[in-house]
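Structure, as structure tokens:
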Amino acid sequence: CALPISQSDLYSFGCIMYEMLYGKTLRNIHTMNDFNLPIYLNTFSQDIPQEYIHLISTCLQQDFSNRLCSSGLMKHDVFQTTQVKVLRY
């Protein structure tokens, strides 16, 4: 998890997840300094499940060493599945 390149990919994944769940872009970037602006968690909607908010916020950490890594991503609650019994008619 120490490679900045893979962590950049996870930041991008967080941006895409945000756009998919909220239907809008996370921020409008006009200059490189715009990347340094903080992301406030209170902008998240009440309708989004807490697990998704946690996933997005951990992917969008400014410091890549604090960002979720790829192995942690696959272990996140959002990606854990529950076994479902299929009913046949």
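In the structure tokens, the first chain shown is A, the next is B, and so on; residue numbers restart at 1 for each chain, and ligands run from 1 in the order shown.
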Would you pick out the contacts of segment 18-24 of chain A at 8 Å or less, using only C-alpha atoms, so that residues sharing its chain but fewer than 2 positions from it are not included, and give the list as a list in words? Gly14, Cys15, Ile16, Leu26, Ser45, Ile48 and Ile56 of chain A
Just the selected residues (all heavy atoms), exported as a JSON list (two decimals), in the first residue's frame, please.
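Final output, saved to out.json:
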[["chain", "number", "residue", "atom", "x", "y", "z"],
["A", 14, "GLY", "N", -12.80, 6.75, -5.47],
["A", 14, "GLY", "CA", -13.65, 7.48, -4.53],
["A", 14, "GLY", "C", -14.44, 8.58, -5.22],
["A", 14, "GLY", "O", -15.62, 8.79, -4.94],
["A", 15, "CYS", "N", -13.79, 9.28, -6.15],
["A", 15, "CYS", "CA", -14.47, 10.33, -6.92],
["A", 15, "CYS", "C", -15.60, 9.74, -7.76],
["A", 15, "CYS", "O", -16.71, 10.29, -7.82],
["A", 15, "CYS", "CB", -13.49, 11.06, -7.83],
["A", 15, "CYS", "SG", -12.29, 12.09, -6.96],
["A", 16, "ILE", "N", -15.33, 8.62, -8.40],
["A", 16, "ILE", "CA", -16.35, 7.97, -9.24],
["A", 16, "ILE", "C", -17.50, 7.47, -8.38],
["A", 16, "ILE", "O", -18.67, 7.63, -8.75],
["A", 16, "ILE", "CB", -15.71, 6.83, -10.06],
["A", 16, "ILE", "CG1", -14.76, 7.42, -11.10],
["A", 16, "ILE", "CG2", -16.78, 5.97, -10.71],
["A", 16, "ILE", "CD1", -13.87, 6.41, -11.77],
["A", 26, "LEU", "N", -17.68, 15.74, -7.51],
["A", 26, "LEU", "CA", -17.22, 16.01, -6.15],
["A", 26, "LEU", "C", -16.77, 17.46, -6.00],
["A", 26, "LEU", "O", -17.10, 18.14, -5.05],
["A", 26, "LEU", "CB", -16.07, 15.07, -5.79],
["A", 26, "LEU", "CG", -15.44, 15.23, -4.43],
["A", 26, "LEU", "CD1", -16.46, 14.95, -3.34],
["A", 26, "LEU", "CD2", -14.25, 14.29, -4.30],
["A", 45, "SER", "N", -25.08, 13.11, 1.65],
["A", 45, "SER", "CA", -26.53, 13.05, 1.79],
["A", 45, "SER", "C", -26.94, 12.09, 2.89],
["A", 45, "SER", "O", -26.27, 11.11, 3.17],
["A", 45, "SER", "CB", -27.14, 12.61, 0.45],
["A", 45, "SER", "OG", -28.50, 12.31, 0.61],
["A", 48, "ILE", "N", -27.62, 8.19, 1.72],
["A", 48, "ILE", "CA", -26.55, 7.26, 1.37],
["A", 48, "ILE", "C", -26.21, 6.42, 2.59],
["A", 48, "ILE", "O", -25.97, 6.96, 3.68],
["A", 48, "ILE", "CB", -25.30, 8.03, 0.88],
["A", 48, "ILE", "CG1", -25.65, 8.99, -0.25],
["A", 48, "ILE", "CG2", -24.20, 7.07, 0.47],
["A", 48, "ILE", "CD1", -26.20, 8.35, -1.49],
["A", 56, "ILE", "N", -16.16, 6.05, 0.64],
["A", 56, "ILE", "CA", -15.79, 7.25, -0.12],
["A", 56, "ILE", "C", -14.81, 8.10, 0.67],
["A", 56, "ILE", "O", -13.79, 8.53, 0.14],
["A", 56, "ILE", "CB", -17.04, 8.06, -0.51],
["A", 56, "ILE", "CG1", -17.88, 7.29, -1.53],
["A", 56, "ILE", "CG2", -16.65, 9.43, -1.07],
["A", 56, "ILE", "CD1", -19.25, 7.87, -1.76]]
List the neighbours of segment 67-74 of chain A out to 6 Å using only C-alpha atoms; skip same-chain residues closer than 3 positions along the sequence, and give me the result as a PyMOL selection string. chain A and resi 1+58-59+61+64
